[in-house]
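Here is the file entry_7.cif (mmCIF, C-alpha atoms and all ligand atoms).
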```cif
data_input
#
loop_
_atom_site.group_PDB
_atom_site.id
_atom_site.type_symbol
_atom_site.label_atom_id
_atom_site.label_comp_id
_atom_site.auth_asym_id
_atom_site.auth_seq_id
_atom_site.Cartn_x
_atom_site.Cartn_y
_atom_site.Cartn_z
ATOM 1 C CA ARG A 15 -36.361 2.051 32.849
ATOM 2 C CA ILE A 16 -38.229 4.374 30.536
ATOM 3 C CA VAL A 17 -38.117 3.384 26.863
ATOM 4 C CA TYR A 18 -39.354 5.015 23.664
ATOM 5 C CA VAL A 19 -41.775 3.343 21.242
ATOM 6 C CA ASN A 20 -43.345 5.141 18.290
ATOM 7 C CA GLY A 21 -43.726 8.579 19.861
ATOM 8 C CA GLU A 22 -44.305 7.473 23.435
ATOM 9 C CA TYR A 23 -42.106 7.334 26.538
ATOM 10 C CA LEU A 24 -43.204 4.333 28.606
ATOM 11 C CA PRO A 25 -42.008 2.094 31.446
ATOM 12 C CA GLU A 26 -40.382 -0.907 29.730
ATOM 13 C CA GLU A 27 -43.086 -3.311 31.014
ATOM 14 C CA GLU A 28 -45.735 -1.321 29.152
ATOM 15 C CA ALA A 29 -43.871 -0.970 25.848
ATOM 16 C CA THR A 30 -45.080 -3.289 23.080
ATOM 17 C CA VAL A 31 -44.746 -3.890 19.347
ATOM 18 C CA SER A 32 -46.854 -6.140 17.142
ATOM 19 C CA ILE A 33 -46.054 -9.851 16.717
ATOM 20 C CA PHE A 34 -46.293 -9.071 12.978
ATOM 21 C CA ASP A 35 -43.496 -6.525 13.160
ATOM 22 C CA ARG A 36 -41.137 -7.293 10.272
ATOM 23 C CA ALA A 37 -38.026 -6.994 12.428
ATOM 24 C CA PHE A 38 -39.428 -9.839 14.550
ATOM 25 C CA LEU A 39 -40.549 -12.009 11.615
ATOM 26 C CA MET A 40 -37.844 -11.260 9.030
ATOM 27 C CA ALA A 41 -35.056 -9.244 10.634
ATOM 28 C CA ASP A 42 -36.362 -6.441 8.399
ATOM 29 C CA GLY A 43 -34.915 -3.760 10.617
ATOM 30 C CA VAL A 44 -31.843 -1.623 11.134
ATOM 31 C CA TYR A 45 -30.253 -0.333 14.311
ATOM 32 C CA GLU A 46 -27.661 1.958 15.861
ATOM 33 C CA VAL A 47 -25.875 1.979 19.196
ATOM 34 C CA THR A 48 -24.623 5.324 20.489
ATOM 35 C CA SER A 49 -22.505 5.512 23.597
ATOM 36 C CA VAL A 50 -22.975 7.984 26.427
ATOM 37 C CA LEU A 51 -20.115 9.457 28.450
ATOM 38 C CA ASP A 52 -20.603 12.129 31.127
ATOM 39 C CA GLY A 53 -24.327 12.050 30.222
ATOM 40 C CA LYS A 54 -23.520 13.160 26.653
ATOM 41 C CA LEU A 55 -23.776 11.447 23.272
ATOM 42 C CA ILE A 56 -20.652 10.289 21.444
ATOM 43 C CA ASP A 57 -20.643 10.704 17.659
ATOM 44 C CA PHE A 58 -24.415 11.200 17.437
ATOM 45 C CA ASP A 59 -24.272 12.785 13.966
ATOM 46 C CA GLY A 60 -22.260 9.867 12.576
ATOM 47 C CA HIS A 61 -24.749 7.309 13.878
ATOM 48 C CA LYS A 62 -27.698 9.301 12.544
ATOM 49 C CA ALA A 63 -26.078 9.606 9.114
ATOM 50 C CA ARG A 64 -25.364 5.861 8.972
ATOM 51 C CA LEU A 65 -28.957 5.113 10.028
ATOM 52 C CA GLU A 66 -30.216 7.277 7.167
ATOM 53 C CA ARG A 67 -27.963 5.363 4.759
ATOM 54 C CA SER A 68 -29.042 1.922 6.076
ATOM 55 C CA LEU A 69 -32.695 2.911 5.637
ATOM 56 C CA ALA A 70 -32.115 4.198 2.101
ATOM 57 C CA GLU A 71 -30.232 1.024 1.068
ATOM 58 C CA LEU A 72 -33.210 -1.075 2.161
ATOM 59 C CA ASP A 73 -35.853 1.242 0.660
ATOM 60 C CA MET A 74 -37.247 1.766 4.119
ATOM 61 C CA ASP A 75 -38.974 5.016 5.062
ATOM 62 C CA LYS A 76 -37.430 7.202 7.708
ATOM 63 C CA PRO A 77 -39.484 7.104 10.901
ATOM 64 C CA GLU A 78 -41.672 10.185 11.377
ATOM 65 C CA ALA A 79 -39.546 11.260 14.354
ATOM 66 C CA PHE A 80 -36.262 11.122 12.398
ATOM 67 C CA ASP A 81 -35.571 14.831 12.841
ATOM 68 C CA ASP A 82 -36.290 14.570 16.582
ATOM 69 C CA LEU A 83 -33.807 11.755 17.218
ATOM 70 C CA LEU A 84 -31.335 13.949 19.089
ATOM 71 C CA ASP A 85 -34.085 15.170 21.440
ATOM 72 C CA ILE A 86 -35.331 11.610 21.978
ATOM 73 C CA HIS A 87 -31.833 10.375 22.808
ATOM 74 C CA ARG A 88 -31.331 13.246 25.259
ATOM 75 C CA GLU A 89 -34.730 12.744 26.845
ATOM 76 C CA LEU A 90 -33.972 9.049 27.490
ATOM 77 C CA VAL A 91 -30.534 9.856 28.926
ATOM 78 C CA GLU A 92 -32.180 12.407 31.231
ATOM 79 C CA ARG A 93 -35.154 10.274 32.297
ATOM 80 C CA ASN A 94 -32.994 7.227 33.025
ATOM 81 C CA GLY A 95 -30.138 9.175 34.597
ATOM 82 C CA ILE A 96 -27.543 7.659 32.256
ATOM 83 C CA VAL A 97 -24.026 8.920 32.970
ATOM 84 C CA GLU A 98 -22.129 6.156 31.159
ATOM 85 C CA GLY A 99 -23.778 3.639 28.892
ATOM 86 C CA MET A 100 -25.464 3.165 25.561
ATOM 87 C CA ILE A 101 -28.593 4.004 23.662
ATOM 88 C CA TYR A 102 -29.978 1.327 21.358
ATOM 89 C CA LEU A 103 -32.165 2.490 18.471
ATOM 90 C CA GLN A 104 -34.057 0.245 16.077
ATOM 91 C CA VAL A 105 -36.180 1.020 13.059
ATOM 92 C CA SER A 106 -38.171 -1.734 11.386
ATOM 93 C CA ARG A 107 -40.320 -1.634 8.283
ATOM 94 C CA GLY A 108 -43.286 -1.921 10.616
ATOM 95 C CA SER A 109 -46.172 -4.311 10.850
ATOM 96 C CA ALA A 110 -48.654 -5.041 8.062
ATOM 97 C CA GLY A 111 -50.694 -7.196 10.436
ATOM 98 C CA ASP A 112 -49.772 -10.300 8.460
ATOM 99 C CA ARG A 113 -46.734 -12.110 7.082
ATOM 100 C CA ASP A 114 -45.673 -11.457 3.502
ATOM 101 C CA PHE A 115 -42.291 -11.410 1.753
ATOM 102 C CA VAL A 116 -43.431 -8.422 -0.306
ATOM 103 C CA PHE A 117 -42.739 -5.110 1.430
ATOM 104 C CA PRO A 118 -45.952 -3.501 2.727
ATOM 105 C CA ASP A 119 -47.159 -0.266 1.095
ATOM 106 C CA PRO A 120 -45.232 2.545 2.853
ATOM 107 C CA GLU A 121 -48.321 4.774 2.456
ATOM 108 C CA ILE A 122 -50.165 2.459 4.832
ATOM 109 C CA VAL A 123 -47.528 0.790 7.005
ATOM 110 C CA LYS A 124 -45.236 3.096 8.967
ATOM 111 C CA PRO A 125 -41.835 2.138 10.387
ATOM 112 C CA THR A 126 -41.558 1.060 14.020
ATOM 113 C CA LEU A 127 -39.103 3.146 16.051
ATOM 114 C CA VAL A 128 -37.820 1.816 19.367
ATOM 115 C CA LEU A 129 -35.108 3.230 21.641
ATOM 116 C CA PHE A 130 -33.869 2.117 25.041
ATOM 117 C CA THR A 131 -30.909 2.883 27.270
ATOM 118 C CA GLN A 132 -28.344 0.615 28.920
ATOM 119 C CA SER A 133 -26.460 1.966 31.898
ATOM 120 C CA LYS A 134 -22.799 0.802 31.926
ATOM 121 C CA PRO A 135 -20.867 2.454 34.711
ATOM 122 C CA GLY A 136 -17.120 2.037 34.114
ATOM 123 C CA LEU A 137 -17.483 1.872 30.315
ATOM 124 C CA ALA A 138 -14.597 4.293 29.732
ATOM 125 C CA ASP A 139 -12.408 3.117 32.601
ATOM 126 C CA SER A 140 -12.857 -0.527 31.570
ATOM 127 C CA PRO A 141 -10.746 -3.131 33.392
ATOM 128 C CA VAL A 142 -10.934 -5.327 30.245
ATOM 129 C CA ALA A 143 -9.163 -2.621 28.212
ATOM 130 C CA LYS A 144 -6.220 -2.885 30.613
ATOM 131 C CA THR A 145 -5.707 -6.611 29.988
ATOM 132 C CA GLY A 146 -7.076 -6.918 26.439
ATOM 133 C CA ILE A 147 -9.246 -9.614 24.871
ATOM 134 C CA LYS A 148 -8.625 -12.977 23.194
ATOM 135 C CA VAL A 149 -10.164 -13.758 19.827
ATOM 136 C CA ILE A 150 -10.595 -16.862 17.693
ATOM 137 C CA SER A 151 -11.044 -16.889 13.919
ATOM 138 C CA ILE A 152 -14.168 -18.312 12.291
ATOM 139 C CA ASP A 153 -15.551 -18.434 8.741
ATOM 140 C CA ASP A 154 -17.469 -15.341 7.701
ATOM 141 C CA ILE A 155 -20.709 -16.818 6.367
ATOM 142 C CA ARG A 156 -22.837 -13.672 6.743
ATOM 143 C CA TRP A 157 -24.767 -12.108 3.840
ATOM 144 C CA GLY A 158 -23.093 -9.797 1.345
ATOM 145 C CA ARG A 159 -24.372 -6.422 2.582
ATOM 146 C CA ARG A 160 -22.592 -6.068 5.906
ATOM 147 C CA ASP A 161 -22.364 -2.319 5.292
ATOM 148 C CA ILE A 162 -26.077 -2.114 6.170
ATOM 149 C CA LYS A 163 -26.581 -2.296 9.925
ATOM 150 C CA THR A 164 -29.454 -4.784 10.002
ATOM 151 C CA THR A 165 -30.853 -6.658 12.985
ATOM 152 C CA GLN A 166 -29.935 -10.071 11.508
ATOM 153 C CA LEU A 167 -27.349 -10.818 14.179
ATOM 154 C CA LEU A 168 -27.720 -14.576 14.578
ATOM 155 C CA TYR A 169 -24.350 -15.530 13.096
ATOM 156 C CA PRO A 170 -22.403 -12.830 14.993
ATOM 157 C CA SER A 171 -24.180 -14.056 18.110
ATOM 158 C CA MET A 172 -23.193 -17.669 17.321
ATOM 159 C CA GLY A 173 -19.629 -16.451 16.737
ATOM 160 C CA LYS A 174 -19.495 -14.986 20.246
ATOM 161 C CA MET A 175 -20.725 -18.309 21.614
ATOM 162 C CA MET A 176 -18.058 -20.215 19.647
ATOM 163 C CA ALA A 177 -15.463 -17.841 21.144
ATOM 164 C CA LYS A 178 -16.803 -18.358 24.649
ATOM 165 C CA LYS A 179 -16.731 -22.119 24.221
ATOM 166 C CA ALA A 180 -13.097 -21.890 23.108
ATOM 167 C CA GLY A 181 -12.213 -19.834 26.189
ATOM 168 C CA ALA A 182 -11.904 -16.588 24.181
ATOM 169 C CA ASP A 183 -13.834 -13.313 24.261
ATOM 170 C CA ASP A 184 -14.747 -12.702 20.637
ATOM 171 C CA ALA A 185 -14.317 -13.944 17.079
ATOM 172 C CA TRP A 186 -12.742 -12.434 13.979
ATOM 173 C CA LEU A 187 -14.501 -13.361 10.762
ATOM 174 C CA VAL A 188 -12.466 -14.620 7.821
ATOM 175 C CA GLU A 189 -13.497 -14.673 4.165
ATOM 176 C CA ASP A 190 -11.279 -15.750 1.254
ATOM 177 C CA GLY A 191 -8.372 -16.020 3.684
ATOM 178 C CA LYS A 192 -8.688 -12.418 4.905
ATOM 179 C CA VAL A 193 -10.156 -10.950 8.078
ATOM 180 C CA THR A 194 -13.315 -8.964 7.408
ATOM 181 C CA GLU A 195 -14.128 -7.698 10.933
ATOM 182 C CA GLY A 196 -15.076 -8.834 14.438
ATOM 183 C CA THR A 197 -18.563 -10.098 15.343
ATOM 184 C CA SER A 198 -19.517 -6.585 16.494
ATOM 185 C CA ASN A 199 -16.447 -4.456 15.853
ATOM 186 C CA ASN A 200 -13.853 -3.483 13.258
ATOM 187 C CA ALA A 201 -10.479 -5.268 13.355
ATOM 188 C CA TYR A 202 -6.957 -3.782 13.204
ATOM 189 C CA ILE A 203 -3.344 -4.828 13.457
ATOM 190 C CA VAL A 204 -0.242 -2.713 14.017
ATOM 191 C CA LYS A 205 3.004 -3.636 12.272
ATOM 192 C CA GLY A 206 6.182 -1.585 12.131
ATOM 193 C CA GLY A 207 4.293 1.502 13.344
ATOM 194 C CA SER A 208 1.564 1.181 10.692
ATOM 195 C CA ILE A 209 -2.086 0.793 11.651
ATOM 196 C CA ILE A 210 -3.664 -1.687 9.231
ATOM 197 C CA THR A 211 -7.435 -2.170 8.839
ATOM 198 C CA ARG A 212 -9.594 -3.509 6.011
ATOM 199 C CA GLU A 213 -10.738 -0.959 3.432
ATOM 200 C CA LEU A 214 -14.422 0.052 3.324
ATOM 201 C CA SER A 215 -16.727 -1.981 1.055
ATOM 202 C CA ASN A 216 -19.969 -3.961 1.318
ATOM 203 C CA ASP A 217 -17.957 -6.635 3.176
ATOM 204 C CA ILE A 218 -17.817 -4.764 6.486
ATOM 205 C CA LEU A 219 -19.783 -2.314 8.564
ATOM 206 C CA HIS A 220 -18.493 1.220 8.147
ATOM 207 C CA GLY A 221 -17.783 1.752 11.821
ATOM 208 C CA ILE A 222 -18.411 5.204 13.207
ATOM 209 C CA THR A 223 -15.666 4.544 15.759
ATOM 210 C CA ARG A 224 -13.390 3.347 12.928
ATOM 211 C CA ALA A 225 -13.801 6.671 11.097
ATOM 212 C CA ALA A 226 -13.028 8.663 14.239
ATOM 213 C CA VAL A 227 -10.050 6.511 15.266
ATOM 214 C CA LEU A 228 -8.460 6.681 11.792
ATOM 215 C CA ARG A 229 -8.934 10.466 11.777
ATOM 216 C CA PHE A 230 -7.300 10.807 15.218
ATOM 217 C CA ALA A 231 -4.473 8.461 14.186
ATOM 218 C CA LYS A 232 -3.713 10.569 11.102
ATOM 219 C CA GLU A 233 -3.884 13.785 13.145
ATOM 220 C CA ALA A 234 -1.342 12.238 15.545
ATOM 221 C CA GLN A 235 0.952 11.535 12.521
ATOM 222 C CA MET A 236 0.467 7.770 12.799
ATOM 223 C CA LYS A 237 0.635 5.793 9.566
ATOM 224 C CA VAL A 238 -2.638 4.213 8.409
ATOM 225 C CA GLU A 239 -2.969 1.480 5.748
ATOM 226 C CA GLU A 240 -6.476 0.512 4.639
ATOM 227 C CA ARG A 241 -6.126 -3.036 3.333
ATOM 228 C CA SER A 242 -7.130 -6.564 4.254
ATOM 229 C CA PHE A 243 -4.852 -8.927 6.194
ATOM 230 C CA THR A 244 -4.687 -12.634 7.072
ATOM 231 C CA ILE A 245 -4.855 -14.309 10.480
ATOM 232 C CA GLU A 246 -1.178 -15.312 10.050
ATOM 233 C CA GLU A 247 -0.203 -11.688 9.474
ATOM 234 C CA ALA A 248 -2.218 -10.684 12.532
ATOM 235 C CA GLN A 249 -0.521 -13.321 14.685
ATOM 236 C CA ASP A 250 2.827 -11.954 13.528
ATOM 237 C CA ALA A 251 1.855 -8.304 14.166
ATOM 238 C CA ASP A 252 3.167 -6.083 16.968
ATOM 239 C CA GLU A 253 -0.345 -5.306 18.191
ATOM 240 C CA ALA A 254 -3.995 -5.913 17.422
ATOM 241 C CA PHE A 255 -7.193 -4.185 18.500
ATOM 242 C CA VAL A 256 -10.878 -3.700 17.698
ATOM 243 C CA THR A 257 -13.129 -0.659 17.713
ATOM 244 C CA SER A 258 -16.860 -0.156 18.281
ATOM 245 C CA ALA A 259 -19.189 2.404 19.804
ATOM 246 C CA SER A 260 -19.607 0.286 22.927
ATOM 247 C CA THR A 261 -15.947 -0.712 23.506
ATOM 248 C CA PHE A 262 -14.150 2.299 21.921
ATOM 249 C CA VAL A 263 -10.626 0.972 21.265
ATOM 250 C CA MET A 264 -10.118 -2.525 22.761
ATOM 251 C CA PRO A 265 -6.695 -4.238 22.645
ATOM 252 C CA VAL A 266 -6.555 -7.829 21.340
ATOM 253 C CA VAL A 267 -3.781 -9.848 22.994
ATOM 254 C CA GLU A 268 -4.311 -13.326 21.561
ATOM 255 C CA ILE A 269 -5.541 -14.730 18.228
ATOM 256 C CA ASP A 270 -6.292 -18.468 17.926
ATOM 257 C CA GLY A 271 -4.118 -19.127 20.961
ATOM 258 C CA ALA A 272 -1.085 -17.165 19.689
ATOM 259 C CA PRO A 273 -0.056 -14.162 21.805
ATOM 260 C CA ILE A 274 0.212 -10.874 19.881
ATOM 261 C CA GLY A 275 3.422 -8.954 20.568
ATOM 262 C CA GLU A 276 4.094 -9.249 24.281
ATOM 263 C CA GLY A 277 0.634 -10.691 24.879
ATOM 264 C CA THR A 278 -0.403 -7.470 26.607
ATOM 265 C CA PRO A 279 -2.109 -4.292 25.301
ATOM 266 C CA GLY A 280 0.313 -2.492 22.992
ATOM 267 C CA PRO A 281 1.327 1.192 23.085
ATOM 268 C CA VAL A 282 -0.504 2.166 19.869
ATOM 269 C CA ALA A 283 -3.848 0.669 20.943
ATOM 270 C CA THR A 284 -3.464 2.104 24.428
ATOM 271 C CA ARG A 285 -2.628 5.570 23.076
ATOM 272 C CA LEU A 286 -5.474 5.461 20.536
ATOM 273 C CA ARG A 287 -7.940 4.554 23.281
ATOM 274 C CA GLU A 288 -6.778 7.550 25.328
ATOM 275 C CA ILE A 289 -6.984 9.922 22.356
ATOM 276 C CA TYR A 290 -10.378 8.558 21.309
ATOM 277 C CA LEU A 291 -11.863 8.976 24.799
ATOM 278 C CA GLU A 292 -10.389 12.440 25.244
ATOM 279 C CA GLU A 293 -11.436 13.800 21.831
ATOM 280 C CA SER A 294 -14.878 12.137 21.869
ATOM 281 C CA ARG A 295 -15.632 13.542 25.296
ATOM 282 C CA LYS A 296 -14.724 17.022 24.039
ATOM 283 C CA ALA A 297 -16.983 16.653 20.986
ATOM 284 C CA ALA A 298 -19.880 14.930 22.818
ATOM 285 C CA ILE A 299 -23.292 16.610 22.613
HETATM 286 N N1 LIG A 301 -18.675 -4.190 12.632
HETATM 287 C C1 LIG A 301 -19.786 -4.819 13.064
HETATM 288 C C2 LIG A 301 -20.199 -6.094 12.434
HETATM 289 C C3 LIG A 301 -20.543 -4.261 14.125
HETATM 290 O O1 LIG A 301 -21.654 -4.880 14.554
HETATM 291 C C4 LIG A 301 -20.105 -3.050 14.730
HETATM 292 C C5 LIG A 301 -20.832 -2.435 15.882
HETATM 293 N N2 LIG A 301 -22.195 -2.467 15.810
HETATM 294 C C6 LIG A 301 -18.942 -2.446 14.232
HETATM 295 C C7 LIG A 301 -18.260 -3.041 13.183
HETATM 296 C C8 LIG A 301 -18.422 -1.157 14.814
HETATM 297 O O2 LIG A 301 -19.214 -0.060 14.411
HETATM 298 P P1 LIG A 301 -19.336 1.243 15.311
HETATM 299 O O3 LIG A 301 -17.955 1.739 15.540
HETATM 300 O O4 LIG A 301 -20.132 2.176 14.501
HETATM 301 O O5 LIG A 301 -20.007 0.820 16.581
#
```

Do you think you could lay out the structure here as structure tokens?
Amino acid sequence: RIVYVNGEYLPEEEATVSIFDRAFLMADGVYEVTSVLDGKLIDFDGHKARLERSLAELDMDKPEAFDDLLDIHRELVERNGIVEGMIYLQVSRGSAGDRDFVFPDPEIVKPTLVLFTQSKPGLADSPVAKTGIKVISIDDIRWGRRDIKTTQLLYPSMGKMMAKKAGADDAWLVEDGKVTEGTSNNAYIVKGGSIITRELSNDILHGITRAAVLRFAKEAQMKVEERSFTIEEAQDADEAFVTSASTFVMPVVEIDGAPIGEGTPGPVATRLREIYLEESRKAAI
């Protein structure tokens, strides 16, 4: 696999970053994941805009190659022959060659930019989407700026492990009695024809897939309510699902052991997945 590190395309074995890199020492980094379908990028502009916002919120400089990001993504897709899959991008505050809580001088220390591809044949035609996933609920004990897409993913990673241990696929995070989001996705329920998902704030990541799915839902005359909901309300809903760049729209069929609706993917989630894939493919670049 060919990867990109600070201006260079290299075989992955030859790609290196410093042990003093602040993403490694302090999770002082932000990232984006863009999916690839038919060799084209889904929602590239949305991911680039969110990256710019994450960087600004953390007072981090844009990497020098910021304006070339589309070309870099395309070059990696081409060189690695990616038809379906993902591109991971990470920017860190760089390496000052030492460890210090104080941010290094941006005049001297430049951000580290890393990109690599992941080939995932069958991403769109996923067998999992046909059966749906099971989730458990866990306490949301993450920091208070979940709107910034940082690389501090230890708790979400632990949440996935807790889910696995409980025989489920993923976890929904709960704070003050309300669902915030999934470990790596936004959470939704459907009740009486209404699509319900938590409103945007610092409490959740502003999903690029979320924005697209809500737009498509409104265009299809579906009712959308942006508000928080409890696990009990979710268990009593007609349907549930999650969205993310790497899973698109994924039906949820069980929450904490309780089947949702019929315990199979519901018509709204199934239809939204179809619309999302169709429209995103048309708009891919
Ligand atoms: N919430 C969290 C916590 C996430 O990690 C992700 C995916 N990285 C999402 C939501 C979904 O965001 P997107 O649709 O932009 O992938």

Q | Among the residues A:Val19, A:Ile289, A:Leu219, A:Ala225, the one that comes closest to ligand LIG 301 (chain A) [using only C-alpha atoms and all ligand atoms] | A | A:Leu219

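Nearest residue to ligand LIG 301 (chain A) among A:Ala297, A:Val47, A:Leu84, A:Ala272 is A:Val47, counting only C-alpha atoms and all ligand atoms.
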
Would you list the residues near (-25.7, 5.8, 6.7), meaning any protein, DNA or RNA residue with an atom at most 12 Å from that point in file coordinates, counting all atoms listed in the file, as a PDB file with C-alpha atoms, in the frame of the given file?
```pdb
ATOM      1  CA  VAL A  44     -31.843  -1.623  11.134  1.00  0.00           C
ATOM      2  CA  TYR A  45     -30.253  -0.333  14.311  1.00  0.00           C
ATOM      3  CA  GLU A  46     -27.661   1.958  15.861  1.00  0.00           C
ATOM      4  CA  ASP A  59     -24.272  12.785  13.966  1.00  0.00           C
ATOM      5  CA  GLY A  60     -22.260   9.867  12.576  1.00  0.00           C
ATOM      6  CA  HIS A  61     -24.749   7.309  13.878  1.00  0.00           C
ATOM      7  CA  LYS A  62     -27.698   9.301  12.544  1.00  0.00           C
ATOM      8  CA  ALA A  63     -26.078   9.606   9.114  1.00  0.00           C
ATOM      9  CA  ARG A  64     -25.364   5.861   8.972  1.00  0.00           C
ATOM     10  CA  LEU A  65     -28.957   5.113  10.028  1.00  0.00           C
ATOM     11  CA  GLU A  66     -30.216   7.277   7.167  1.00  0.00           C
ATOM     12  CA  ARG A  67     -27.963   5.363   4.759  1.00  0.00           C
ATOM     13  CA  SER A  68     -29.042   1.922   6.076  1.00  0.00           C
ATOM     14  CA  LEU A  69     -32.695   2.911   5.637  1.00  0.00           C
ATOM     15  CA  ALA A  70     -32.115   4.198   2.101  1.00  0.00           C
ATOM     16  CA  GLU A  71     -30.232   1.024   1.068  1.00  0.00           C
ATOM     17  CA  LEU A  72     -33.210  -1.075   2.161  1.00  0.00           C
ATOM     18  CA  LYS A  76     -37.430   7.202   7.708  1.00  0.00           C
ATOM     19  CA  ASP A 161     -22.364  -2.319   5.292  1.00  0.00           C
ATOM     20  CA  ILE A 162     -26.077  -2.114   6.170  1.00  0.00           C
ATOM     21  CA  LYS A 163     -26.581  -2.296   9.925  1.00  0.00           C
ATOM     22  CA  THR A 164     -29.454  -4.784  10.002  1.00  0.00           C
ATOM     23  CA  LEU A 219     -19.783  -2.314   8.564  1.00  0.00           C
ATOM     24  CA  HIS A 220     -18.493   1.220   8.147  1.00  0.00           C
ATOM     25  CA  GLY A 221     -17.783   1.752  11.821  1.00  0.00           C
ATOM     26  CA  ILE A 222     -18.411   5.204  13.207  1.00  0.00           C
TER      27      ILE A 222
END
```

Within-7 Å residues of ligand LIG 301 (chain A), basis only C-alpha atoms and all ligand atoms, as a PDB file with C-alpha atoms, in the frame of the given file:
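Contents of the output file out.pdb:
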```pdb
ATOM      1  CA  VAL A  47     -25.875   1.979  19.196  1.00  0.00           C
ATOM      2  CA  HIS A  61     -24.749   7.309  13.878  1.00  0.00           C
ATOM      3  CA  ARG A 160     -22.592  -6.068   5.906  1.00  0.00           C
ATOM      4  CA  GLU A 195     -14.128  -7.698  10.933  1.00  0.00           C
ATOM      5  CA  GLY A 196     -15.076  -8.834  14.438  1.00  0.00           C
ATOM      6  CA  THR A 197     -18.563 -10.098  15.343  1.00  0.00           C
ATOM      7  CA  SER A 198     -19.517  -6.585  16.494  1.00  0.00           C
ATOM      8  CA  ASN A 199     -16.447  -4.456  15.853  1.00  0.00           C
ATOM      9  CA  ASN A 200     -13.853  -3.483  13.258  1.00  0.00           C
ATOM     10  CA  ILE A 218     -17.817  -4.764   6.486  1.00  0.00           C
ATOM     11  CA  LEU A 219     -19.783  -2.314   8.564  1.00  0.00           C
ATOM     12  CA  HIS A 220     -18.493   1.220   8.147  1.00  0.00           C
ATOM     13  CA  GLY A 221     -17.783   1.752  11.821  1.00  0.00           C
ATOM     14  CA  ILE A 222     -18.411   5.204  13.207  1.00  0.00           C
ATOM     15  CA  THR A 223     -15.666   4.544  15.759  1.00  0.00           C
ATOM     16  CA  ARG A 224     -13.390   3.347  12.928  1.00  0.00           C
ATOM     17  CA  THR A 257     -13.129  -0.659  17.713  1.00  0.00           C
ATOM     18  CA  SER A 258     -16.860  -0.156  18.281  1.00  0.00           C
ATOM     19  CA  ALA A 259     -19.189   2.404  19.804  1.00  0.00           C
ATOM     20  CA  SER A 260     -19.607   0.286  22.927  1.00  0.00           C
TER      21      SER A 260
END
```

Q. Applied to this file, what does the PyMOL selection byres (((chain A and resi 187-192) around 8) and not hetatm) return in terms of residues, put as a PyMOL selection string?
A. chain A and resi 151-155+185-186+193-197+242-245

Q. Counting only C-alpha atoms, what is within 12 Å of Pro273 of chain A, bar same-chain residues fewer than 4 positions away, as a PyMOL selection string?
A. chain A and resi 146-150+246+248-254+265-269+277-280

Name every residue that the PyMOL selection byres (((chain A and resi 125-138) around 8) and not hetatm) selects in this structure, writing the answer as a PDB file with C-alpha atoms, in the coordinates of the input with chains first and numbers rising.
```pdb
ATOM      1  CA  ARG A  15     -36.361   2.051  32.849  1.00  0.00           C
ATOM      2  CA  ILE A  16     -38.229   4.374  30.536  1.00  0.00           C
ATOM      3  CA  VAL A  17     -38.117   3.384  26.863  1.00  0.00           C
ATOM      4  CA  TYR A  18     -39.354   5.015  23.664  1.00  0.00           C
ATOM      5  CA  VAL A  19     -41.775   3.343  21.242  1.00  0.00           C
ATOM      6  CA  ASN A  20     -43.345   5.141  18.290  1.00  0.00           C
ATOM      7  CA  VAL A  31     -44.746  -3.890  19.347  1.00  0.00           C
ATOM      8  CA  ASP A  35     -43.496  -6.525  13.160  1.00  0.00           C
ATOM      9  CA  LEU A  51     -20.115   9.457  28.450  1.00  0.00           C
ATOM     10  CA  MET A  74     -37.247   1.766   4.119  1.00  0.00           C
ATOM     11  CA  ASP A  75     -38.974   5.016   5.062  1.00  0.00           C
ATOM     12  CA  LYS A  76     -37.430   7.202   7.708  1.00  0.00           C
ATOM     13  CA  PRO A  77     -39.484   7.104  10.901  1.00  0.00           C
ATOM     14  CA  HIS A  87     -31.833  10.375  22.808  1.00  0.00           C
ATOM     15  CA  LEU A  90     -33.972   9.049  27.490  1.00  0.00           C
ATOM     16  CA  VAL A  91     -30.534   9.856  28.926  1.00  0.00           C
ATOM     17  CA  ASN A  94     -32.994   7.227  33.025  1.00  0.00           C
ATOM     18  CA  ILE A  96     -27.543   7.659  32.256  1.00  0.00           C
ATOM     19  CA  VAL A  97     -24.026   8.920  32.970  1.00  0.00           C
ATOM     20  CA  GLU A  98     -22.129   6.156  31.159  1.00  0.00           C
ATOM     21  CA  GLY A  99     -23.778   3.639  28.892  1.00  0.00           C
ATOM     22  CA  MET A 100     -25.464   3.165  25.561  1.00  0.00           C
ATOM     23  CA  ILE A 101     -28.593   4.004  23.662  1.00  0.00           C
ATOM     24  CA  TYR A 102     -29.978   1.327  21.358  1.00  0.00           C
ATOM     25  CA  LEU A 103     -32.165   2.490  18.471  1.00  0.00           C
ATOM     26  CA  GLN A 104     -34.057   0.245  16.077  1.00  0.00           C
ATOM     27  CA  VAL A 105     -36.180   1.020  13.059  1.00  0.00           C
ATOM     28  CA  SER A 106     -38.171  -1.734  11.386  1.00  0.00           C
ATOM     29  CA  ARG A 107     -40.320  -1.634   8.283  1.00  0.00           C
ATOM     30  CA  GLY A 108     -43.286  -1.921  10.616  1.00  0.00           C
ATOM     31  CA  SER A 109     -46.172  -4.311  10.850  1.00  0.00           C
ATOM     32  CA  VAL A 123     -47.528   0.790   7.005  1.00  0.00           C
ATOM     33  CA  LYS A 124     -45.236   3.096   8.967  1.00  0.00           C
ATOM     34  CA  ASP A 139     -12.408   3.117  32.601  1.00  0.00           C
ATOM     35  CA  SER A 140     -12.857  -0.527  31.570  1.00  0.00           C
ATOM     36  CA  SER A 260     -19.607   0.286  22.927  1.00  0.00           C
ATOM     37  CA  THR A 261     -15.947  -0.712  23.506  1.00  0.00           C
ATOM     38  CA  LEU A 291     -11.863   8.976  24.799  1.00  0.00           C
TER      39      LEU A 291
END
```

Q.
Restricting the calculation to all atoms listed in the file: of A:Arg156, A:Arg36, A:Asp82, A:Arg295, which residue gets closest to Asn216 of chain A?
A.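 Of all the options, A:Arg156 lies closest to Asn216 of chain A.
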